[in-house]
Amino acid sequence: MDRAYEGDSTRLLAESFGLTPVVPPKRNRTDPWDYDRQAHKGRNMVERVFNRMKHHRKAATRYDRLDETFLANLQLILIAIQLKNTSKTN
């Protein structure tokens, strides 16, 4: 979920499936709720990693026929992302 989908109906639907929404309420909401800020930060970090993975065409289009090959390519992409991030910090 993201703030665009923070409506009451969406939250109730997610909770009916046993999920705990961690999306913060919109700023203009009259009755805001509490949310787990740490869980929201973790969700945001995972979303950013998936976005970086989509920049690699091989992962975004999934041309591989075997699941093992696809998984190996995802692992290589994640290694490349990690190496790029560590080279920026050094």
# chains A, B, ... in the order shown; residues from 1 in each chain; ligands from 1
>>> residues_around(residues="Leu76 of chain A", least_positions_apart="6", cutoff="12 Å", atoms="only C-alpha atoms", output="MDAnalysis selection string")
chainID A and resid 53 56 58:59 69:70 82:83
>>> write_last_selection(atoms="C-alpha atoms", output="tab-separated table (two decimals), in the first residue's frame")
chain	number	residue	atom	x	y	z
A	53	MET	CA	16.13	-4.08	-10.32
A	56	HIS	CA	17.91	-4.00	-15.77
A	58	LYS	CA	16.73	-8.84	-18.27
A	59	ALA	CA	14.90	-8.78	-14.92
A	69	THR	CA	18.28	-18.98	-14.57
A	70	PHE	CA	15.93	-16.13	-13.68
A	82	GLN	CA	25.26	-3.58	-3.98
A	83	LEU	CA	28.65	-3.02	-5.59
>>> atom_distance(atom1="atom CA of Val46 of chain A", atom2="atom CA of Ser9 of chain A")
24.7 Å
>>> atom_distance(atom1="atom CA of Asp34 of chain A", atom2="atom CA of Ala4 of chain A")
17.1 Å
>>> closest_residue(among="A:Asn85, A:His55, A:Leu78, A:Lys26", to="Asp8 of chain A", atoms="only C-alpha atoms")
A:Lys26
>>> atom_distance(atom1="atom CA of Gly7 of chain A", atom2="atom CA of Thr30 of chain A")
12.3 Å
>>> residues_around(residues="Tyr35 of chain A", least_positions_apart="4", cutoff="7 Å", atoms="only C-alpha atoms", output="list in words")
Val22, Val23 and Pro24 of chain A
>>> closest_residue(among="A:Trp33, A:Gln75, A:Asp64, A:Asn28", to="Arg11 of chain A", atoms="only C-alpha atoms")
A:Trp33
>>> residues_around(residues="segment 18-21 of chain A", least_positions_apart="6", cutoff="10 Å", atoms="only C-alpha atoms", output="PyMOL selection string")
chain A and resi 1-2+6+10-12+35-36+39-40
>>> write_last_selection(atoms="C-alpha atoms", output="short mmCIF file (atom, residue, chain, number, x, y, z; two decimals), in the first residue's frame")
data_model
loop_
_atom_site.label_atom_id
_atom_site.label_comp_id
_atom_site.auth_asym_id
_atom_site.auth_seq_id
_atom_site.Cartn_x
_atom_site.Cartn_y
_atom_site.Cartn_z
CA MET A 1 0.00 0.00 0.00
CA ASP A 2 1.00 3.58 -0.51
CA GLU A 6 -4.79 4.73 2.20
CA THR A 10 -8.54 -0.48 1.29
CA ARG A 11 -7.26 -0.65 4.86
CA LEU A 12 -10.21 -2.80 5.94
CA TYR A 35 1.44 3.42 12.08
CA ASP A 36 4.72 1.63 12.54
CA ALA A 39 8.04 -1.02 9.19
CA HIS A 40 7.18 1.77 6.74
#
>>> select_by_dssp(residues="chain A", states="helix (DSSP H, G or I)", output="ChimeraX atom specification")
/A:3-5,8-16,37-54,57-61,67-89
>>> decode(residues="segment 2-29 of chain A", atoms="N, CA, C and O atoms", output="PDB file, in the first residue's frame")
ATOM      1  N   ASP A   2       0.336   2.295  -0.526  1.00  0.00           N
ATOM      2  CA  ASP A   2       0.997   3.580  -0.515  1.00  0.00           C
ATOM      3  C   ASP A   2      -0.046   4.613  -0.113  1.00  0.00           C
ATOM      4  O   ASP A   2      -1.223   4.301   0.030  1.00  0.00           O
ATOM      5  N   ARG A   3       0.365   5.829   0.059  1.00  0.00           N
ATOM      6  CA  ARG A   3      -0.593   6.851   0.500  1.00  0.00           C
ATOM      7  C   ARG A   3      -1.758   7.028  -0.472  1.00  0.00           C
ATOM      8  O   ARG A   3      -2.831   7.444  -0.080  1.00  0.00           O
ATOM      9  N   ALA A   4      -1.542   6.718  -1.718  1.00  0.00           N
ATOM     10  CA  ALA A   4      -2.623   6.840  -2.696  1.00  0.00           C
ATOM     11  C   ALA A   4      -3.743   5.851  -2.399  1.00  0.00           C
ATOM     12  O   ALA A   4      -4.891   6.071  -2.774  1.00  0.00           O
ATOM     13  N   TYR A   5      -3.424   4.758  -1.719  1.00  0.00           N
ATOM     14  CA  TYR A   5      -4.405   3.722  -1.423  1.00  0.00           C
ATOM     15  C   TYR A   5      -4.689   3.639   0.071  1.00  0.00           C
ATOM     16  O   TYR A   5      -4.954   2.581   0.603  1.00  0.00           O
ATOM     17  N   GLU A   6      -4.649   4.760   0.763  1.00  0.00           N
ATOM     18  CA  GLU A   6      -4.790   4.726   2.202  1.00  0.00           C
ATOM     19  C   GLU A   6      -6.240   4.872   2.671  1.00  0.00           C
ATOM     20  O   GLU A   6      -6.474   5.094   3.841  1.00  0.00           O
ATOM     21  N   GLY A   7      -7.184   4.731   1.799  1.00  0.00           N
ATOM     22  CA  GLY A   7      -8.585   4.871   2.169  1.00  0.00           C
ATOM     23  C   GLY A   7      -9.045   3.797   3.145  1.00  0.00           C
ATOM     24  O   GLY A   7      -8.442   2.739   3.300  1.00  0.00           O
ATOM     25  N   ASP A   8     -10.153   4.094   3.822  1.00  0.00           N
ATOM     26  CA  ASP A   8     -10.672   3.164   4.822  1.00  0.00           C
ATOM     27  C   ASP A   8     -11.031   1.810   4.220  1.00  0.00           C
ATOM     28  O   ASP A   8     -10.778   0.769   4.830  1.00  0.00           O
ATOM     29  N   SER A   9     -11.619   1.811   3.029  1.00  0.00           N
ATOM     30  CA  SER A   9     -12.028   0.541   2.420  1.00  0.00           C
ATOM     31  C   SER A   9     -10.817  -0.331   2.089  1.00  0.00           C
ATOM     32  O   SER A   9     -10.845  -1.547   2.302  1.00  0.00           O
ATOM     33  N   THR A  10      -9.745   0.278   1.608  1.00  0.00           N
ATOM     34  CA  THR A  10      -8.539  -0.479   1.286  1.00  0.00           C
ATOM     35  C   THR A  10      -7.882  -1.016   2.548  1.00  0.00           C
ATOM     36  O   THR A  10      -7.414  -2.151   2.585  1.00  0.00           O
ATOM     37  N   ARG A  11      -7.841  -0.195   3.597  1.00  0.00           N
ATOM     38  CA  ARG A  11      -7.256  -0.652   4.855  1.00  0.00           C
ATOM     39  C   ARG A  11      -8.055  -1.807   5.444  1.00  0.00           C
ATOM     40  O   ARG A  11      -7.493  -2.782   5.929  1.00  0.00           O
ATOM     41  N   LEU A  12      -9.378  -1.711   5.406  1.00  0.00           N
ATOM     42  CA  LEU A  12     -10.214  -2.795   5.939  1.00  0.00           C
ATOM     43  C   LEU A  12     -10.030  -4.077   5.130  1.00  0.00           C
ATOM     44  O   LEU A  12     -10.009  -5.176   5.691  1.00  0.00           O
ATOM     45  N   LEU A  13      -9.913  -3.961   3.819  1.00  0.00           N
ATOM     46  CA  LEU A  13      -9.695  -5.127   2.979  1.00  0.00           C
ATOM     47  C   LEU A  13      -8.361  -5.793   3.310  1.00  0.00           C
ATOM     48  O   LEU A  13      -8.284  -7.016   3.440  1.00  0.00           O
ATOM     49  N   ALA A  14      -7.312  -4.998   3.464  1.00  0.00           N
ATOM     50  CA  ALA A  14      -6.001  -5.552   3.807  1.00  0.00           C
ATOM     51  C   ALA A  14      -6.039  -6.230   5.175  1.00  0.00           C
ATOM     52  O   ALA A  14      -5.489  -7.319   5.363  1.00  0.00           O
ATOM     53  N   GLU A  15      -6.721  -5.619   6.130  1.00  0.00           N
ATOM     54  CA  GLU A  15      -6.823  -6.211   7.464  1.00  0.00           C
ATOM     55  C   GLU A  15      -7.665  -7.476   7.460  1.00  0.00           C
ATOM     56  O   GLU A  15      -7.421  -8.388   8.251  1.00  0.00           O
ATOM     57  N   SER A  16      -8.641  -7.565   6.562  1.00  0.00           N
ATOM     58  CA  SER A  16      -9.465  -8.779   6.488  1.00  0.00           C
ATOM     59  C   SER A  16      -8.656  -9.974   5.989  1.00  0.00           C
ATOM     60  O   SER A  16      -8.987 -11.116   6.278  1.00  0.00           O
ATOM     61  N   PHE A  17      -7.568  -9.698   5.239  1.00  0.00           N
ATOM     62  CA  PHE A  17      -6.671 -10.758   4.780  1.00  0.00           C
ATOM     63  C   PHE A  17      -5.591 -11.082   5.808  1.00  0.00           C
ATOM     64  O   PHE A  17      -4.701 -11.878   5.563  1.00  0.00           O
ATOM     65  N   GLY A  18      -5.629 -10.426   6.945  1.00  0.00           N
ATOM     66  CA  GLY A  18      -4.648 -10.666   7.993  1.00  0.00           C
ATOM     67  C   GLY A  18      -3.383  -9.849   7.839  1.00  0.00           C
ATOM     68  O   GLY A  18      -2.382 -10.128   8.487  1.00  0.00           O
ATOM     69  N   LEU A  19      -3.398  -8.844   6.979  1.00  0.00           N
ATOM     70  CA  LEU A  19      -2.230  -7.990   6.762  1.00  0.00           C
ATOM     71  C   LEU A  19      -2.286  -6.785   7.693  1.00  0.00           C
ATOM     72  O   LEU A  19      -3.368  -6.352   8.100  1.00  0.00           O
ATOM     73  N   THR A  20      -1.139  -6.244   8.022  1.00  0.00           N
ATOM     74  CA  THR A  20      -1.071  -5.039   8.845  1.00  0.00           C
ATOM     75  C   THR A  20      -0.560  -3.899   7.974  1.00  0.00           C
ATOM     76  O   THR A  20       0.634  -3.847   7.653  1.00  0.00           O
ATOM     77  N   PRO A  21      -1.439  -3.000   7.558  1.00  0.00           N
ATOM     78  CA  PRO A  21      -1.001  -1.887   6.718  1.00  0.00           C
ATOM     79  C   PRO A  21      -0.070  -0.960   7.502  1.00  0.00           C
ATOM     80  O   PRO A  21      -0.333  -0.632   8.650  1.00  0.00           O
ATOM     81  N   VAL A  22       1.033  -0.572   6.902  1.00  0.00           N
ATOM     82  CA  VAL A  22       1.981   0.327   7.548  1.00  0.00           C
ATOM     83  C   VAL A  22       2.065   1.660   6.809  1.00  0.00           C
ATOM     84  O   VAL A  22       3.001   2.421   7.009  1.00  0.00           O
ATOM     85  N   VAL A  23       1.088   1.942   5.989  1.00  0.00           N
ATOM     86  CA  VAL A  23       1.084   3.185   5.225  1.00  0.00           C
ATOM     87  C   VAL A  23       0.642   4.323   6.148  1.00  0.00           C
ATOM     88  O   VAL A  23      -0.286   4.178   6.938  1.00  0.00           O
ATOM     89  N   PRO A  24       1.344   5.460   6.091  1.00  0.00           N
ATOM     90  CA  PRO A  24       0.928   6.592   6.917  1.00  0.00           C
ATOM     91  C   PRO A  24      -0.318   7.253   6.338  1.00  0.00           C
ATOM     92  O   PRO A  24      -0.570   7.181   5.134  1.00  0.00           O
ATOM     93  N   PRO A  25      -1.103   7.902   7.178  1.00  0.00           N
ATOM     94  CA  PRO A  25      -2.287   8.597   6.664  1.00  0.00           C
ATOM     95  C   PRO A  25      -1.886   9.864   5.918  1.00  0.00           C
ATOM     96  O   PRO A  25      -0.793  10.403   6.109  1.00  0.00           O
ATOM     97  N   LYS A  26      -2.762  10.328   5.057  1.00  0.00           N
ATOM     98  CA  LYS A  26      -2.514  11.589   4.365  1.00  0.00           C
ATOM     99  C   LYS A  26      -2.524  12.724   5.379  1.00  0.00           C
ATOM    100  O   LYS A  26      -3.149  12.638   6.432  1.00  0.00           O
ATOM    101  N   ARG A  27      -1.838  13.780   5.059  1.00  0.00           N
ATOM    102  CA  ARG A  27      -1.711  14.902   5.996  1.00  0.00           C
ATOM    103  C   ARG A  27      -3.036  15.619   6.241  1.00  0.00           C
ATOM    104  O   ARG A  27      -3.252  16.188   7.297  1.00  0.00           O
ATOM    105  N   ASN A  28      -3.923  15.603   5.255  1.00  0.00           N
ATOM    106  CA  ASN A  28      -5.184  16.330   5.389  1.00  0.00           C
ATOM    107  C   ASN A  28      -6.304  15.459   5.981  1.00  0.00           C
ATOM    108  O   ASN A  28      -7.456  15.851   5.974  1.00  0.00           O
ATOM    109  N   ARG A  29      -5.971  14.290   6.497  1.00  0.00           N
ATOM    110  CA  ARG A  29      -6.962  13.369   7.055  1.00  0.00           C
ATOM    111  C   ARG A  29      -7.453  13.896   8.396  1.00  0.00           C
ATOM    112  O   ARG A  29      -6.668  14.305   9.248  1.00  0.00           O
TER     113      ARG A  29
END
